[in-house]
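Structure first, commentary second.
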Number of protein chains: 2
Amino acid sequence: MLKYEEYKTLVENYIDSLKQNNEIPSLLLEAMLYSLSQKGKRLRAVLLLASYNLLNEDVENVVPYAVAIEMIHTYSLIHDDLPAMDNDTLRRGQPTNHIKYGEDVAILAGDGLLNYAFEIALEAAIKSLDSVNPLKAIKAIANAAGVTGMIAGQITDIKASSKDENKVTKISYIHEKKTASLIIGAISAGLILAKATEEQIKAGEIFGYNLGISFQIIDDILDIVGKEEELGKSIGKDIDDNKLTYTSIYGIEKSREQAKLLTNRACEEIKSHFPKSDFFVELANSMLDRVK
Amino acid sequence: MLKYEEYKTLVENYIDSLKQNNEIPSLLLEAMLYSLSQKGKRLRAVLLLASYNLLNEDVENVVPYAVAIEMIHTYSLIHDDLPAMDNDTLRRGQPTNHIKYGEDVAILAGDGLLNYAFEIALEAAIKSLDSVNPLKAIKAIANAAGVTGMIAGQITDIKASSKDENKVTKISYIHEKKTASLIIGAISAGLILAKATEEQIKAGEIFGYNLGISFQIIDDILDIVGKEEELGKSIGKDIDDNKLTYTSIYGIEKSREQAKLLTNRACEEIKSHFPKSDFFVELANSMLDRVK
């Protein structure tokens, strides 16, 4: 297994190489890379690579799949920030895509990233076609990102409010679909590419589910207690909008406990199915440290 | 070979069956199907099925790919109609998606259709995996729809105006990418699935290129001479916006001649490579009849 930063470097290098593409109209490529190149955690890409690496060594061969899932995550942020959606002007301390390039270009940059994700993943799948696994991996990503996954969470989220009935059921659904889904997809895809057993894939998904929900609860907590300059986005925005969040239902203390419980569950699951699980356990715990 | 309406029925039946999907949030599915179910020509889907049918009989096996390309076409229309893009309120005589459901839902309905297209095509590819062809067909669709295809045409179009220099080069690029690209993709995908030779695929692409450009010129002409109620969209809109169109450069008469020339070229190409080319020749000529 590599270190987090080493997986991240594989992803960053691949993204850097995209700058050379001169078939994509320059404005479109610039707007796509503006958001894709912003230095984030690359969590989903790293999880895909590390999941593959649990069972296989040649991790550089699956980088296109990892970049694909990062492109999908980035497109969802660009569209999410649009005036008609969350209407955010800052992300990671930088102007959001539509502030920088205008709404029309931002919509197309998002569309471009979603479509390009499938292009690079299919390219890789065609090259390495020794089995059905590359295809199944792309399908796992498509399902996780799609209308029964991330986009399903998005639509439920934009129509939800803190005044809804069945808040508890609804917030679980939103967190599962909007956040955990793509994290689970990243892990499943890595394990499918690594030819894991059904049981191993199931364990990876349970890890991803618990990590994903915990990750979103931590994000909700940080939204309240974090400092604006530290996160580079407007604090307390979700409260202003009467949006449904975990913390608005349970308060900060109970949310923190819940994040801890979910993190422990995630770690137990991964430890009991993979001998080389340290990377995942440390990653889950380091996330929890942000709200300690 | 079947008749145009018979191919279309295969597509409509598959789309109708999607209503039963209860894993997709109901509002999202409703907004997706609102646009997808509107009775259009289904040109791209029919071209894919007919191209496959040139060399193979079991056309019902490739319907998911045809619906996938129709979903991609529909998502591009939904995003294109948004206030930040063309700001259209009517399409085929009906309120556009964002007028009916709001901009936020319309953005997600478009995203949903693009992603779902890859989900159903990948599902079909995994089921029928006897060769690399299903994968290559999905890649042909992804490339045609993507950042070097349709989306490339879109971004060039929204930034073009009738006051630009190099108008002739630019309008050719826009027509090739924005319109011809997905038509070529439909034909290539059908032929790849049918295990056509390289030479046959090339001929199909040349047919698609000429048909696609002609199709767009015809659309530009109809935009000026057509009647509002006949087309169900605002007439003369492209002129008001100072948008770059074929007719704004060459005038109606020259545009009509050009469409005729391109149609003839398309027909020659397909006739000289496929014995069963009548369907394609009749289709190309019937399009030209709209501006006779």
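In the structure tokens, chains take letters A, B, ... by order of appearance, with residues numbered from 1 within each chain and ligands from 1 in the order shown.
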
Practice prompt. Name the residues of region 26-125 of chain B that fall into alpha helix (DSSP H) according to DSSP on the backbone, using the chain letters and numbers of this document, as a PyMOL selection string.
Written response: chain B and resi 26-36+43-53+63-81+97-101+103-125

Please dump the current selection as an mmCIF file, in the first residue's frame; keep C-alpha atoms.
data_model
loop_
_atom_site.group_PDB
_atom_site.id
_atom_site.type_symbol
_atom_site.label_atom_id
_atom_site.label_comp_id
_atom_site.auth_asym_id
_atom_site.auth_seq_id
_atom_site.Cartn_x
_atom_site.Cartn_y
_atom_site.Cartn_z
ATOM 1 C CA SER B 26 -40.447 10.476 -8.424
ATOM 2 C CA LEU B 27 -39.903 14.189 -9.098
ATOM 3 C CA LEU B 28 -36.597 13.481 -10.852
ATOM 4 C CA LEU B 29 -38.054 10.671 -12.963
ATOM 5 C CA GLU B 30 -41.083 12.804 -13.819
ATOM 6 C CA ALA B 31 -38.907 15.713 -14.969
ATOM 7 C CA MET B 32 -36.623 13.383 -16.981
ATOM 8 C CA LEU B 33 -39.559 11.657 -18.675
ATOM 9 C CA TYR B 34 -41.384 14.961 -19.252
ATOM 10 C CA SER B 35 -38.716 15.876 -21.787
ATOM 11 C CA LEU B 36 -37.740 12.370 -22.911
ATOM 12 C CA LEU B 43 -33.814 10.581 -35.362
ATOM 13 C CA ARG B 44 -30.616 9.586 -33.552
ATOM 14 C CA ALA B 45 -32.160 6.481 -32.003
ATOM 15 C CA VAL B 46 -33.677 5.400 -35.322
ATOM 16 C CA LEU B 47 -30.361 5.949 -37.125
ATOM 17 C CA LEU B 48 -28.589 3.734 -34.600
ATOM 18 C CA LEU B 49 -31.159 0.944 -34.992
ATOM 19 C CA ALA B 50 -31.270 1.209 -38.790
ATOM 20 C CA SER B 51 -27.446 1.246 -39.016
ATOM 21 C CA TYR B 52 -27.315 -1.935 -36.949
ATOM 22 C CA ASN B 53 -30.071 -3.393 -39.096
ATOM 23 C CA VAL B 63 -32.577 -0.774 -28.282
ATOM 24 C CA PRO B 64 -30.891 0.270 -24.976
ATOM 25 C CA TYR B 65 -28.045 1.888 -26.949
ATOM 26 C CA ALA B 66 -30.572 3.734 -29.115
ATOM 27 C CA VAL B 67 -32.456 4.998 -26.061
ATOM 28 C CA ALA B 68 -29.129 6.013 -24.493
ATOM 29 C CA ILE B 69 -28.311 8.302 -27.412
ATOM 30 C CA GLU B 70 -31.848 9.726 -27.294
ATOM 31 C CA MET B 71 -31.368 10.471 -23.570
ATOM 32 C CA ILE B 72 -28.124 12.295 -24.357
ATOM 33 C CA HIS B 73 -29.855 14.326 -27.063
ATOM 34 C CA THR B 74 -32.704 15.170 -24.658
ATOM 35 C CA TYR B 75 -30.394 16.222 -21.801
ATOM 36 C CA SER B 76 -28.583 18.563 -24.208
ATOM 37 C CA LEU B 77 -31.914 20.194 -25.122
ATOM 38 C CA ILE B 78 -32.916 20.660 -21.462
ATOM 39 C CA HIS B 79 -29.606 22.347 -20.597
ATOM 40 C CA ASP B 80 -29.662 24.327 -23.851
ATOM 41 C CA ASP B 81 -33.090 25.782 -23.002
ATOM 42 C CA ASN B 97 -38.268 21.657 -18.595
ATOM 43 C CA HIS B 98 -37.167 24.572 -16.378
ATOM 44 C CA ILE B 99 -40.442 26.440 -16.970
ATOM 45 C CA LYS B 100 -42.351 23.356 -15.865
ATOM 46 C CA TYR B 101 -40.108 22.180 -12.987
ATOM 47 C CA GLU B 103 -34.180 25.564 -13.041
ATOM 48 C CA ASP B 104 -32.737 23.471 -10.224
ATOM 49 C CA VAL B 105 -34.778 20.389 -11.143
ATOM 50 C CA ALA B 106 -34.134 20.940 -14.873
ATOM 51 C CA ILE B 107 -30.352 20.975 -14.346
ATOM 52 C CA LEU B 108 -30.580 17.705 -12.405
ATOM 53 C CA ALA B 109 -32.998 16.134 -14.916
ATOM 54 C CA GLY B 110 -30.400 16.842 -17.627
ATOM 55 C CA ASP B 111 -27.575 15.441 -15.507
ATOM 56 C CA GLY B 112 -29.772 12.449 -14.724
ATOM 57 C CA LEU B 113 -30.459 11.656 -18.375
ATOM 58 C CA LEU B 114 -26.769 11.899 -19.328
ATOM 59 C CA ASN B 115 -25.717 9.592 -16.526
ATOM 60 C CA TYR B 116 -28.632 7.168 -17.014
ATOM 61 C CA ALA B 117 -27.732 6.862 -20.702
ATOM 62 C CA PHE B 118 -24.391 5.336 -19.710
ATOM 63 C CA GLU B 119 -26.058 3.159 -17.072
ATOM 64 C CA ILE B 120 -28.450 1.471 -19.513
ATOM 65 C CA ALA B 121 -25.832 1.160 -22.261
ATOM 66 C CA LEU B 122 -23.298 -0.376 -19.864
ATOM 67 C CA GLU B 123 -25.951 -2.758 -18.534
ATOM 68 C CA ALA B 124 -26.612 -3.937 -22.102
ATOM 69 C CA ALA B 125 -22.875 -4.167 -22.842
#

Worksheet entry | Contacts of Gly208 (chain B) within 8 Å, only C-alpha atoms, excl. fewer than 2 positions in-chain, as a list of chain:residue names | B:Ala180, B:Ile183, B:Ile184, B:Ile187, B:Gly204, B:Glu205, B:Ile206, B:Asn210, B:Leu211, B:Gly212, B:Ala266

Quick one: write out the picked residues with C-alpha atoms as a compact mmCIF listing (two decimals), in the first residue's frame?
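Saved as result.txt:
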# COMPACT_ATOMS: atom_id res chain seq x y z
CA ALA B 180 -23.56 16.21 -36.92
CA ILE B 183 -25.81 11.75 -35.63
CA ILE B 184 -22.44 10.31 -36.69
CA ILE B 187 -24.60 5.55 -36.98
CA GLY B 204 -21.57 5.47 -42.42
CA GLU B 205 -19.73 8.37 -40.82
CA ILE B 206 -19.46 10.27 -44.11
CA ASN B 210 -23.35 15.18 -44.67
CA LEU B 211 -26.81 14.37 -43.32
CA GLY B 212 -26.05 16.16 -40.05
CA ALA B 266 -24.71 11.51 -48.20

Practice prompt. Taking the chain letters and numbering used in this document, name the residues of region 90-227 of chain B that DSSP puts in strand (DSSP E), as a PyMOL selection string.
Written response: chain B and resi 90-91+94-95

Discussion item. So, with only C-alpha atoms as the atoms that count, which of B:Cys267, B:Val132, B:Ile138, B:Ile174 lies closest to Ile213 (chain B)?
Written reply: B:Ile174

Worksheet item: Could you name the residues that touch Leu288 (chain A) at 9 Å or less, counting only C-alpha atoms, but leaving out those on the same chain fewer than 2 positions away, as a list in words?
Response: Ser214, Phe215, Ile218, Arg256, Ala259, Lys260, Thr263, Leu283, Ala284, Asn285, Ser286, Arg290, Val291 and Lys292 of chain A

Discussion item. My list of candidates is A:Ser272, A:Thr9, A:Ser37, A:Ser131. Which is closest to chain B when distances are computed with only C-alpha atoms?
Written reply: A:Ser131

Worksheet item: What gap, in Å, lies between CA of Glu57 (chain A) and CA of Leu129 (chain B)?
Response: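 Value for the CA of Glu57 (chain A)-CA of Leu129 (chain B) distance: 26.8 Å.
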
Practice prompt. Would you mind listing what lies within 12 Å of His175 (chain A) as a ChimeraX atom specification, with only C-alpha atoms counted and same-chain residues fewer than 6 positions away left out?
Written response: /A:149-154,156-157,168-169,181-183,209-220,244-246

Fill in: Separation of CA of Asn143 (chain B) from CA of Tyr173 (chain B), in Å and rounded to one decimal
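Going from CA of Asn143 (chain B) over to CA of Tyr173 (chain B), I get 15.9 Å.
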